[in-house]
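The next block holds one structure in the form of structure tokens; read it before the comments.
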Number of protein chains: 2
Amino acid sequence: MSPAEKAERLRALHHGDQPLILVNVWDVAGAKIVEELGFPAAATASAAISASLGFEDNEEIGREEMLAVVKRITSAVDIPVTADLEAGYGPTVADAVATARGAIDAGAVGLNFEDSAHKDTSVLYDAELQGKRIKAIHDVGVQLSVPLVINARTDVFFRTELPEEEKYRESIRRAKIYLKAGADCIYVLGPTDENMIARLVNAIPAPVNMLALPDAPPIARMAELGVKRISFGPRPMRLAMTAFREAAQRVRDLGTFP
Amino acid sequence: MSPAEKAERLRALHHGDQPLILVNVWDVAGAKIVEELGFPAAATASAAISASLGFEDNEEIGREEMLAVVKRITSAVDIPVTADLEAGYGPTVADAVATARGAIDAGAVGLNFEDSAHKDTSVLYDAELQGKRIKAIHDVGVQLSVPLVINARTDVFFRTELPEEEKYRESIRRAKIYLKAGADCIYVLGPTDENMIARLVNAIPAPVNMLALPDAPPIARMAELGVKRISFGPRPMRLAMTAFREAAQRVRDLGTFP
């Protein structure tokens with residue numbers, strides 16, 4: 001498949017009867033495993049990649065090092081790869097453009113792009129500016145003939161000072177701006193309440209991505225609610241490293257390897 | 001601790017009552033875990049790092065990319081780090097020098113250095129040449145005032161065409177050449193038979209490293225036999241990625257995350 005075909009394949013996976021399930025990866029070994037297991041696409045998790053390389057989350061890693069990991073992964077698997085590229089590694093439209101070009105150069109055909117501010121998740125970018133940044137990413141995809149699948153993430157639910165209803169309304173308002181700008185999917189990070197998830201899915205006129213948090217509804221229930229993309233963020237990496245930790249503890253305490 | 005102090009600390013760990021136990025790591029997250037668990041040193045595993053980055057084992061990764069991973073790890077932990085640097089990424093004495101300099105630049109204070117030929121483990125370097133290469137590494141440590149702890153690995157037991165007694169004799173012959181050249185520890189890769197391990201430990205006048213293979217004696221037994229350094233190679237990484245694989249399979253087959 002050409003990059004353009006991979007992008008369209010990834011896009012189509014958001015419109016099936018069943019949701020697109022993405023067990024997020026952080027290195028080539030993990031990406032090969034999800035491909036071997038028959039998953040139709042691979043998605044990176046920025047927090048996992050950052051932890052693996054020794055960076056704090058939230059863009060400390062920088063665009064170049066993040067895209068170097070993405071490139072290794074896309075070089076190793078044939079399935080479409082969507083990259084978690086945080087908030088684009090800089091606040092401007094030009095930063096978004098550089099990130100979109102870099103993503104295509106790295107072989108990604110989709111990206112997560114969030115509205116939390118660069119290195120400060122307590123602040124959200126202005127919705128209109130974020131819309132312009134999404135439009136710019138979309139236009140890069142058109143120009144370079146790789147129609148990037150844009151998973152526009154809004155972190156309104158992180159703004160804990162807001163009442164729930166305000167979070168809901170602001171998420172919908174932002175979703176509509178982001179969709180108009182060219183987003184393919186809206187990723188509302190944070191809600192785990194079934195009713196809230198159902199309301200978001202019903203109000204957003206596009207596929208919705210939900211993070212499978214431990215207290216979120218089961219995957220089958222999220223599918224029933226109409227969620228079209230379900231991802232795991234850094235949980236798979238944490239699970240793997242917990243297994244490592246337990247093995248190391250066992251060596252230390254009992255002198256045996258599992 | 002200065003690099004020189006870390007090197008001497010790592011060296012001393014080979015001469016305690018109990019063996020030095022190294023649960024090998026392949027990224028920063030793992031190195032932080034072994035430090036948190038109180039292990040006195042961290043060791044990388046080249047096969048694990050290569051797999052994580054999408055390279056075949058046996059030096060396909062190259063010196064520069066391997067040392068970049070080592071540098072990330074040494075920057076993230078305070079304990080001494082010993083790096084598995086395969087056969088030095090090239091066959092010459094100059095290659096060994098470049099690898100030793102690079103290891104010190106990357107913050108490592110010890111290294112594994114093996115006699116399997118570059119990209120071809122079916123061939124061993126001539127023992128005298130390998131001795132010269134070890135001497136050159138030792139001399140770099142002296143020149144740069146970071147007395148690298150050299151864990152000289154011999155892969156004679158991989159030469160399956162040889163009778164066991166010949167493997168034993170050739171390992172001892174090589175061990176003595178490597179020790180004379182400045183090695184601190186001899187890593188005989190492959191044997192799992194208790195009697196063979198005991199014979200090697202008794203015949204080699206220096207600390208001996210054994211790989212804790214699944215069919216090797218338990219750690220406590222290896223300690224009784226006098227093994228002074230016990231490592232796990234890529235097994236910890238494979239264990240972590242098996243946990244990842246099982247989680248992804250469960251998501252695929254049952255729709256639940258562990």
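Here, A, B, ... name the chains of the structure tokens in the order displayed, residue numbers run from 1 inside each chain, and ligands are numbered from 1 in the same displayed order.
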Task: Which of stretch 82-237 of chain A fall in strand (DSSP E or B), as a PyMOL selection string - done: chain A and resi 82-84+110-114+116-117+120-124+149-154+185-188+208-211+229-231
- [ ] Name all residues at most 8 Å from A:Ala212 (count only C-alpha atoms; drop same-chain ones fewer than 4 positions away) and give them as a PyMOL selection string.
- [x] chain A and resi 216-219+230-232
Open item on the list: Residues of chain A within 6 Å of chain B, counting only C-alpha atoms, what are they? List them as a list in words.
Closed with: Asp27, Val28, Ala29, Ala51, Ser52, Leu53, Gly54, Ile219, Ala240, Ala243, Phe244 and Gly255 of chain A
Any chance you can output those residues with all heavy atoms as a short mmCIF file (atom, residue, chain, number, x, y, z; two decimals), in the first residue's frame?
```cif
data_model
loop_
_atom_site.label_atom_id
_atom_site.label_comp_id
_atom_site.auth_asym_id
_atom_site.auth_seq_id
_atom_site.Cartn_x
_atom_site.Cartn_y
_atom_site.Cartn_z
N ASP A 27 7.73 1.17 20.77
CA ASP A 27 8.98 0.79 20.09
C ASP A 27 8.67 -0.17 18.96
O ASP A 27 7.50 -0.55 18.74
CB ASP A 27 10.02 0.24 21.08
CG ASP A 27 9.67 -1.14 21.61
OD1 ASP A 27 8.62 -1.71 21.24
OD2 ASP A 27 10.47 -1.66 22.42
N VAL A 28 9.71 -0.56 18.24
CA VAL A 28 9.52 -1.44 17.08
C VAL A 28 9.04 -2.82 17.51
O VAL A 28 8.18 -3.43 16.86
CB VAL A 28 10.83 -1.54 16.27
CG1 VAL A 28 10.72 -2.63 15.21
CG2 VAL A 28 11.15 -0.19 15.62
N ALA A 29 9.58 -3.32 18.60
CA ALA A 29 9.21 -4.67 19.05
C ALA A 29 7.69 -4.74 19.27
O ALA A 29 7.03 -5.70 18.85
CB ALA A 29 9.97 -5.03 20.32
N ALA A 51 8.74 8.12 28.25
CA ALA A 51 9.25 7.42 29.43
C ALA A 51 10.37 6.45 29.04
O ALA A 51 11.37 6.32 29.74
CB ALA A 51 8.12 6.68 30.13
N SER A 52 10.20 5.80 27.92
CA SER A 52 11.20 4.83 27.47
C SER A 52 12.54 5.51 27.19
O SER A 52 13.60 4.94 27.42
CB SER A 52 10.67 4.13 26.22
OG SER A 52 11.68 3.37 25.60
N LEU A 53 12.47 6.75 26.71
CA LEU A 53 13.68 7.49 26.35
C LEU A 53 14.17 8.43 27.45
O LEU A 53 15.19 9.10 27.27
CB LEU A 53 13.44 8.29 25.06
CG LEU A 53 13.75 7.57 23.74
CD1 LEU A 53 13.06 6.23 23.64
CD2 LEU A 53 13.38 8.44 22.56
N GLY A 54 13.43 8.50 28.55
CA GLY A 54 13.90 9.30 29.67
C GLY A 54 13.44 10.74 29.67
O GLY A 54 14.04 11.58 30.35
N ILE A 219 -14.78 -2.40 26.66
CA ILE A 219 -14.70 -2.09 25.23
C ILE A 219 -16.02 -2.40 24.53
O ILE A 219 -16.51 -1.60 23.71
CB ILE A 219 -13.54 -2.90 24.59
CG1 ILE A 219 -12.21 -2.39 25.15
CG2 ILE A 219 -13.55 -2.77 23.07
CD1 ILE A 219 -11.01 -3.23 24.73
N ALA A 240 3.88 -3.67 30.53
CA ALA A 240 5.11 -4.39 30.19
C ALA A 240 6.20 -4.09 31.22
O ALA A 240 6.91 -5.00 31.67
CB ALA A 240 5.58 -4.00 28.78
N ALA A 243 5.69 -5.83 34.46
CA ALA A 243 6.16 -7.22 34.39
C ALA A 243 7.68 -7.27 34.58
O ALA A 243 8.21 -8.14 35.28
CB ALA A 243 5.77 -7.84 33.05
N PHE A 244 8.37 -6.31 33.95
CA PHE A 244 9.83 -6.23 34.12
C PHE A 244 10.18 -5.99 35.60
O PHE A 244 11.06 -6.64 36.17
CB PHE A 244 10.40 -5.11 33.25
CG PHE A 244 11.85 -4.81 33.52
CD1 PHE A 244 12.86 -5.60 32.99
CD2 PHE A 244 12.21 -3.74 34.34
CE1 PHE A 244 14.19 -5.33 33.26
CE2 PHE A 244 13.53 -3.47 34.62
CZ PHE A 244 14.53 -4.27 34.08
N GLY A 255 15.89 -14.60 44.16
CA GLY A 255 16.98 -15.20 43.38
C GLY A 255 16.50 -16.09 42.24
O GLY A 255 17.25 -16.92 41.75
#
```
Task: Selection: 7 Å around stretch 150-154 of chain A, only C-alpha atoms, excl. self and same-chain fewer than 6 positions, as a PyMOL selection string - done: chain A and resi 110-115+171+178+183-189
TODO: Report the residues of stretch 116-237 of chain A whose backbone DSSP state falls under alpha helix (DSSP H), written as an MDAnalysis selection string.
DONE: chainID A and resid 127:143 164:181 194:203 219:225 235:237
Open item on the list: Under the rule that only C-alpha atoms are counted, which of A:Ala108, A:Ile204, A:Ala41, A:Ala98 is the nearest residue to A:Ile79?
Closed with: A:Ala41
- [ ] For each of B:Ala103, B:Leu211, B:Ala47, B:Leu124, take the minimum atom-to-atom distance to B:Arg174, counting only C-alpha atoms, then give the residue where this is smallest.
- [x]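 Closest to B:Arg174, using only C-alpha atoms: B:Leu124.
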Task: Computed interatomic separation between atom CA of B:Asp105 and atom CA of B:Leu10 (Å) - done: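 Computing the Euclidean distance for atom CA of B:Asp105 and atom CA of B:Leu10 yields 17.4 Å.
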Task: Among the residues A:Glu64, A:Ala198, A:Pro80, A:His138, the one that comes closest to A:Leu13 [using only C-alpha atoms] - done: A:Pro80
